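*Asks:* Have a peek at model_27.cif (mmCIF, C-alpha atoms).
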data_input
loop_
_atom_site.label_atom_id
_atom_site.label_comp_id
_atom_site.auth_asym_id
_atom_site.auth_seq_id
_atom_site.Cartn_x
_atom_site.Cartn_y
_atom_site.Cartn_z
CA MET A 1 0.00 0.00 0.00
CA ALA A 2 2.81 2.42 0.90
CA ASN A 3 4.51 1.83 -2.47
CA LEU A 4 1.26 2.57 -4.30
CA VAL A 5 0.85 5.86 -2.44
CA PHE A 6 4.51 6.71 -3.13
CA SER A 7 3.95 6.02 -6.84
CA GLU A 8 0.91 8.33 -6.85
CA TRP A 9 2.96 11.14 -5.27
CA ILE A 10 5.63 10.62 -7.92
CA GLN A 11 2.94 10.89 -10.61
CA ILE A 12 1.66 14.14 -9.09
CA PHE A 13 5.21 15.51 -8.92
CA LEU A 14 5.86 14.58 -12.54
CA ILE A 15 2.57 16.11 -13.73
CA LEU A 16 3.34 19.35 -11.88
CA VAL A 17 6.83 19.54 -13.40
CA LEU A 18 5.44 18.86 -16.89
CA MET A 19 2.76 21.52 -16.42
CA TYR A 20 5.39 24.02 -15.29
CA LEU A 21 7.61 23.21 -18.28
CA ALA A 22 4.63 23.62 -20.64
CA TYR A 23 3.84 27.02 -19.12
CA PHE A 24 7.48 28.11 -19.17
CA ASP A 25 7.91 27.08 -22.81
CA LEU A 26 4.72 28.92 -23.81
CA ARG A 27 6.02 32.10 -22.17
CA THR A 28 9.72 31.94 -23.16
CA PHE A 29 10.10 29.42 -26.02
CA ARG A 30 12.65 27.63 -23.83
CA LEU A 31 12.82 24.47 -21.80
CA PRO A 32 15.52 25.10 -19.19
CA ASP A 33 18.31 22.54 -18.74
CA ILE A 34 18.15 23.17 -15.00
CA ILE A 35 14.81 21.31 -15.02
CA THR A 36 14.98 18.96 -18.03
CA LEU A 37 18.36 17.41 -17.23
CA PRO A 38 17.52 16.55 -13.59
CA LEU A 39 14.17 15.23 -14.86
CA ILE A 40 16.05 12.76 -17.07
CA PHE A 41 18.30 11.63 -14.23
CA THR A 42 15.50 11.36 -11.66
CA GLY A 43 13.48 9.24 -14.10
CA LEU A 44 16.42 6.90 -14.56
CA LEU A 45 17.04 6.84 -10.80
CA PHE A 46 13.38 6.23 -9.94
CA ASN A 47 13.05 3.34 -12.38
CA SER A 48 16.34 1.80 -11.23
CA LEU A 49 15.62 1.95 -7.49
CA SER A 50 11.86 1.55 -7.20
CA ASN A 51 9.97 -1.70 -7.45
CA GLN A 52 6.99 0.49 -8.41
CA GLY A 53 8.80 2.16 -11.33
CA PHE A 54 6.91 3.11 -14.47
CA ALA A 55 9.32 1.11 -16.66
CA SER A 56 12.24 -1.27 -16.25
CA PHE A 57 15.62 0.35 -15.85
CA GLN A 58 16.71 -1.00 -19.25
CA ASP A 59 13.58 0.40 -20.96
CA SER A 60 14.17 3.68 -19.12
CA ILE A 61 17.74 4.00 -20.45
CA ILE A 62 16.64 3.10 -23.98
CA GLY A 63 13.75 5.59 -23.69
CA ALA A 64 16.07 8.43 -22.66
CA ILE A 65 18.49 7.68 -25.49
CA LEU A 66 15.79 7.26 -28.14
CA GLY A 67 13.84 10.29 -26.92
CA TYR A 68 16.81 12.60 -27.29
CA SER A 69 18.42 11.08 -30.36
CA GLY A 70 15.13 10.83 -32.28
CA LEU A 71 14.44 14.56 -32.09
CA TRP A 72 18.13 15.40 -32.51
CA LEU A 73 18.19 13.37 -35.76
CA LEU A 74 14.94 14.93 -36.97
CA ASN A 75 16.34 18.42 -36.29
CA SER A 76 19.63 17.54 -38.01
CA LEU A 77 17.78 16.44 -41.14
CA TYR A 78 15.65 19.58 -41.10
CA ARG A 79 18.73 21.76 -40.59
CA ALA A 80 20.48 20.06 -43.53
CA LEU A 81 17.47 20.79 -45.76
CA LYS A 82 16.41 24.24 -44.55
CA LYS A 83 19.67 25.62 -43.06
CA GLN A 84 17.91 26.39 -39.77
CA ASN A 85 16.77 24.50 -36.70
CA GLY A 86 13.26 23.11 -36.81
CA ILE A 87 12.96 22.02 -33.19
CA GLY A 88 14.79 23.04 -30.06
CA MET A 89 17.02 20.69 -28.16
CA GLY A 90 15.01 21.47 -25.04
CA ASP A 91 12.22 19.50 -26.70
CA ALA A 92 14.65 16.62 -27.26
CA LYS A 93 15.64 16.73 -23.59
CA LEU A 94 11.99 16.76 -22.55
CA LEU A 95 11.28 13.71 -24.72
CA ALA A 96 14.39 12.06 -23.24
CA ALA A 97 12.97 12.76 -19.76
CA LEU A 98 9.63 11.22 -20.74
CA GLY A 99 11.52 8.21 -22.09
CA ALA A 100 13.53 7.96 -18.86
CA TRP A 101 10.36 8.00 -16.76
CA LEU A 102 8.01 5.95 -18.96
CA GLY A 103 10.36 3.76 -21.03
CA TRP A 104 10.82 3.60 -24.78
CA GLN A 105 7.55 1.86 -25.73
CA PRO A 106 5.25 4.88 -25.22
CA LEU A 107 7.51 7.28 -27.17
CA PRO A 108 5.84 6.76 -30.58
CA GLY A 109 2.40 7.40 -29.06
CA ILE A 110 3.69 10.44 -27.17
CA LEU A 111 5.20 11.84 -30.36
CA LEU A 112 2.03 11.16 -32.33
CA THR A 113 -0.18 12.79 -29.71
CA ALA A 114 2.18 15.76 -29.37
CA SER A 115 2.38 16.16 -33.15
CA LEU A 116 -1.38 16.03 -33.68
CA THR A 117 -2.17 18.38 -30.80
CA GLY A 118 0.79 20.54 -31.86
CA LEU A 119 -0.57 20.81 -35.38
CA ILE A 120 -3.94 21.99 -34.13
CA GLY A 121 -2.46 24.07 -31.32
CA GLY A 122 0.16 25.54 -33.64
CA VAL A 123 -2.46 26.81 -36.07
CA ILE A 124 -4.40 28.32 -33.17
CA TRP A 125 -1.16 29.84 -31.78
CA LEU A 126 -0.24 31.38 -35.13
CA VAL A 127 -3.74 32.82 -35.72
CA TRP A 128 -4.02 34.07 -32.13
CA ASN A 129 -0.65 35.81 -32.34
CA LYS A 130 -1.25 37.00 -35.90
CA GLN A 131 1.82 35.18 -37.21
CA ASN A 132 2.45 33.61 -40.61
CA HIS A 133 3.01 29.89 -41.14
CA ARG A 134 6.80 30.27 -40.90
CA ALA A 135 6.72 31.67 -37.36
CA ALA A 136 7.96 29.48 -34.54
CA PHE A 137 5.72 28.17 -31.81
CA PRO A 138 6.64 26.10 -28.75
CA PHE A 139 6.37 22.30 -29.07
CA GLY A 140 7.20 21.53 -25.42
CA PRO A 141 3.66 22.09 -24.13
CA PHE A 142 2.36 19.46 -26.55
CA LEU A 143 5.06 16.98 -25.48
CA ALA A 144 4.14 17.69 -21.85
CA ILE A 145 0.42 17.14 -22.50
CA ALA A 146 1.14 13.89 -24.34
CA GLY A 147 3.40 12.78 -21.50
CA ILE A 148 0.71 13.50 -18.92
CA ILE A 149 -1.84 11.56 -20.98
CA GLU A 150 0.54 8.60 -21.18
CA LEU A 151 1.33 8.81 -17.46
CA LEU A 152 -2.34 8.86 -16.43
CA TRP A 153 -3.73 6.52 -19.09
CA PRO A 154 -0.90 4.27 -20.31
CA GLN A 155 -1.13 2.89 -23.83
CA THR A 156 -4.42 4.71 -24.56
CA ILE A 157 -3.19 6.15 -27.85
CA GLN A 158 -1.78 2.82 -29.08
CA THR A 159 -4.97 0.99 -28.08
CA LEU A 160 -7.17 3.52 -29.87
CA LEU A 161 -5.06 3.43 -33.02
CA LEU A 162 -4.74 -0.33 -33.14
CA SER A 163 -8.45 -0.86 -32.55
CA LYS A 164 -9.22 1.39 -35.55
CA LEU A 165 -6.70 -0.43 -37.76
CA ALA A 166 -7.93 -3.91 -36.91
#
Transcribe the structure of this file into structure tokens.
*Replies:*
Amino acid sequence: MANLVFSEWIQIFLILVLMYLAYFDLRTFRLPDIITLPLIFTGLLFNSLSNQGFASFQDSIIGAILGYSGLWLLNSLYRALKKQNGIGMGDAKLLAALGAWLGWQPLPGILLTASLTGLIGGVIWLVWNKQNHRAAFPFGPFLAIAGIIELLWPQTIQTLLLSKLA
């Protein structure tokens, strides 16, 4: 029982940190290393030490590596084509943190959810701020929302998608 309560407090902590990062990114277009880097390491630590972890330690390490390297590679390809960055490395660190906490398996669903909500939210952001389609908008809030959805309702996105494809 105590471990279950501890796990719930960890979930609340993680949700609060993700909400703060979403707010901070909306206001500043930055995800500060002082929060994202410790978030990666605490996710790895939590999953390595807790028997109530959200993922195995191995899945947590793979998740952190894939989360960061996936967005780094995507940005590198975009930069090679367009000669400018397409996504900030704070977003890559945030996805690495989500991978460290939740493991590598939810990352495709998190990215899909963040991309779909980001597409809709980005259009709203650009219209609201009277910007053209080339203007930047923060992606971190959409990663945070997708991470919270995955934390509260694991595998929901994959289940919904697979049920529609079957």
*Asks:* Tell me which of A:Gln11, A:Asn75, A:Ser69, A:Thr28 sits closest to Trp101 of chain A, counting all atoms listed in the file.
*Replies:*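 Closest to Trp101 of chain A of all the choices is A:Gln11.
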*Asks:* Out of A:Ile87, A:Leu66, A:Ile145, A:Leu26, which residue has the shortest atom-to-atom distance to Ala114 of chain A when counting only C-alpha atoms?
*Replies:*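 Going through A:Ile87, A:Leu66, A:Ile145, A:Leu26 one by one, the smallest distance to Ala114 of chain A is for A:Ile145.
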*Asks:* Determine the nearest neighbour of Ala136 of chain A from the options A:Gly53, A:Gly86, A:Gly109, A:Gly103, counting only C-alpha atoms.
*Replies:*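 Between A:Gly53, A:Gly86, A:Gly109, A:Gly103, the residue approaching Ala136 of chain A most closely is A:Gly86.
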*Asks:* Report the distance between atom CA of Trp125 of chain A and atom CA of Val17 of chain A in Å, rounded to one decimal place.
*Replies:*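 These atoms are spaced 22.5 Å apart.
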*Asks:* For atom CA of Leu73 of chain A and atom CA of Ala92 of chain A, determine how far apart the two atoms are, in Å to one decimal place.
*Replies:*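 Going from atom CA of Leu73 of chain A over to atom CA of Ala92 of chain A, I get 9.8 Å.
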*Asks:* Considering only C-alpha atoms, state which residue in the set A:Phe137, A:Phe29, A:Phe41, A:Phe54 is at the smallest distance from Lys93 of chain A.
*Replies:*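 Ranking A:Phe137, A:Phe29, A:Phe41, A:Phe54 by distance to Lys93 of chain A, first place goes to A:Phe41.
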*Asks:* Give me the result of the PyMOL selection byres ((chain A and resi 22) around 8) on this file, residue by residue, as a PDB file with C-alpha atoms, in the frame of the given file.
*Replies:*
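Generated output (result.pdb):
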ATOM      1  CA  LEU A  18       5.440  18.860 -16.890  1.00  0.00           C
ATOM      2  CA  MET A  19       2.760  21.520 -16.420  1.00  0.00           C
ATOM      3  CA  TYR A  20       5.390  24.020 -15.290  1.00  0.00           C
ATOM      4  CA  LEU A  21       7.610  23.210 -18.280  1.00  0.00           C
ATOM      5  CA  TYR A  23       3.840  27.020 -19.120  1.00  0.00           C
ATOM      6  CA  PHE A  24       7.480  28.110 -19.170  1.00  0.00           C
ATOM      7  CA  ASP A  25       7.910  27.080 -22.810  1.00  0.00           C
ATOM      8  CA  LEU A  26       4.720  28.920 -23.810  1.00  0.00           C
ATOM      9  CA  GLY A 140       7.200  21.530 -25.420  1.00  0.00           C
ATOM     10  CA  PRO A 141       3.660  22.090 -24.130  1.00  0.00           C
ATOM     11  CA  PHE A 142       2.360  19.460 -26.550  1.00  0.00           C
ATOM     12  CA  ALA A 144       4.140  17.690 -21.850  1.00  0.00           C
ATOM     13  CA  ILE A 145       0.420  17.140 -22.500  1.00  0.00           C
TER      14      ILE A 145
END
*Asks:* From the list A:Val123, A:Leu49, A:Leu31, A:Leu102, which residue is nearest Leu151 of chain A when using all atoms listed in the file?
*Replies:*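 When distances to Leu151 of chain A are compared using all atoms listed in the file, the smallest one comes from A:Leu102.
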*Asks:* Kindly indicate which residue among A:Ile110, A:Ala64, A:Val127, A:Ala97 lies nearest to Thr156 of chain A, using only C-alpha atoms for the distances.
*Replies:* A:Ile110
*Asks:* So the first atom is atom CA of Phe46 of chain A and the second is atom CA of Ile149 of chain A; what is the distance between them in Å, to one decimal place?
*Replies:* 19.5 Å
*Asks:* Run the PyMOL selection byres ((chain A and resi 71) around 12) against the file shown and list the residues it catches, as a PDB file with C-alpha atoms, in the frame of the given file.
*Replies:*
ATOM      1  CA  ALA A  64      16.070   8.430 -22.660  1.00  0.00           C
ATOM      2  CA  ILE A  65      18.490   7.680 -25.490  1.00  0.00           C
ATOM      3  CA  LEU A  66      15.790   7.260 -28.140  1.00  0.00           C
ATOM      4  CA  GLY A  67      13.840  10.290 -26.920  1.00  0.00           C
ATOM      5  CA  TYR A  68      16.810  12.600 -27.290  1.00  0.00           C
ATOM      6  CA  SER A  69      18.420  11.080 -30.360  1.00  0.00           C
ATOM      7  CA  GLY A  70      15.130  10.830 -32.280  1.00  0.00           C
ATOM      8  CA  TRP A  72      18.130  15.400 -32.510  1.00  0.00           C
ATOM      9  CA  LEU A  73      18.190  13.370 -35.760  1.00  0.00           C
ATOM     10  CA  LEU A  74      14.940  14.930 -36.970  1.00  0.00           C
ATOM     11  CA  ASN A  75      16.340  18.420 -36.290  1.00  0.00           C
ATOM     12  CA  SER A  76      19.630  17.540 -38.010  1.00  0.00           C
ATOM     13  CA  LEU A  77      17.780  16.440 -41.140  1.00  0.00           C
ATOM     14  CA  TYR A  78      15.650  19.580 -41.100  1.00  0.00           C
ATOM     15  CA  ARG A  79      18.730  21.760 -40.590  1.00  0.00           C
ATOM     16  CA  ASN A  85      16.770  24.500 -36.700  1.00  0.00           C
ATOM     17  CA  GLY A  86      13.260  23.110 -36.810  1.00  0.00           C
ATOM     18  CA  ILE A  87      12.960  22.020 -33.190  1.00  0.00           C
ATOM     19  CA  GLY A  88      14.790  23.040 -30.060  1.00  0.00           C
ATOM     20  CA  MET A  89      17.020  20.690 -28.160  1.00  0.00           C
ATOM     21  CA  GLY A  90      15.010  21.470 -25.040  1.00  0.00           C
ATOM     22  CA  ASP A  91      12.220  19.500 -26.700  1.00  0.00           C
ATOM     23  CA  ALA A  92      14.650  16.620 -27.260  1.00  0.00           C
ATOM     24  CA  LYS A  93      15.640  16.730 -23.590  1.00  0.00           C
ATOM     25  CA  LEU A  94      11.990  16.760 -22.550  1.00  0.00           C
ATOM     26  CA  LEU A  95      11.280  13.710 -24.720  1.00  0.00           C
ATOM     27  CA  ALA A  96      14.390  12.060 -23.240  1.00  0.00           C
ATOM     28  CA  LEU A 107       7.510   7.280 -27.170  1.00  0.00           C
ATOM     29  CA  PRO A 108       5.840   6.760 -30.580  1.00  0.00           C
ATOM     30  CA  LEU A 111       5.200  11.840 -30.360  1.00  0.00           C
ATOM     31  CA  PHE A 139       6.370  22.300 -29.070  1.00  0.00           C
ATOM     32  CA  LEU A 143       5.060  16.980 -25.480  1.00  0.00           C
TER      33      LEU A 143
END
*Asks:* Could you spell out the hits of the PyMOL selection byres ((chain A and resi 59) around 10) on the shown file, as a list of chain:residue names?
*Replies:*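 Applied to this file, the PyMOL selection byres ((chain A and resi 59) around 10) returns A:Leu44, A:Asn47, A:Phe54, A:Ala55, A:Ser56, A:Phe57, A:Gln58, A:Ser60, A:Ile61, A:Ile62, A:Gly63, A:Ala64, A:Ile65, A:Gly99, A:Ala100, A:Trp101, A:Leu102, A:Gly103, A:Trp104, A:Gln105.
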*Asks:* Got time to write the residues from that selection, C-alpha atoms, as a PDB file, in the coordinates of the input?
*Replies:*
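Result file follows (result-v3.pdb):
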ATOM      1  CA  LEU A  44      16.420   6.900 -14.560  1.00  0.00           C
ATOM      2  CA  ASN A  47      13.050   3.340 -12.380  1.00  0.00           C
ATOM      3  CA  PHE A  54       6.910   3.110 -14.470  1.00  0.00           C
ATOM      4  CA  ALA A  55       9.320   1.110 -16.660  1.00  0.00           C
ATOM      5  CA  SER A  56      12.240  -1.270 -16.250  1.00  0.00           C
ATOM      6  CA  PHE A  57      15.620   0.350 -15.850  1.00  0.00           C
ATOM      7  CA  GLN A  58      16.710  -1.000 -19.250  1.00  0.00           C
ATOM      8  CA  SER A  60      14.170   3.680 -19.120  1.00  0.00           C
ATOM      9  CA  ILE A  61      17.740   4.000 -20.450  1.00  0.00           C
ATOM     10  CA  ILE A  62      16.640   3.100 -23.980  1.00  0.00           C
ATOM     11  CA  GLY A  63      13.750   5.590 -23.690  1.00  0.00           C
ATOM     12  CA  ALA A  64      16.070   8.430 -22.660  1.00  0.00           C
ATOM     13  CA  ILE A  65      18.490   7.680 -25.490  1.00  0.00           C
ATOM     14  CA  GLY A  99      11.520   8.210 -22.090  1.00  0.00           C
ATOM     15  CA  ALA A 100      13.530   7.960 -18.860  1.00  0.00           C
ATOM     16  CA  TRP A 101      10.360   8.000 -16.760  1.00  0.00           C
ATOM     17  CA  LEU A 102       8.010   5.950 -18.960  1.00  0.00           C
ATOM     18  CA  GLY A 103      10.360   3.760 -21.030  1.00  0.00           C
ATOM     19  CA  TRP A 104      10.820   3.600 -24.780  1.00  0.00           C
ATOM     20  CA  GLN A 105       7.550   1.860 -25.730  1.00  0.00           C
TER      21      GLN A 105
END
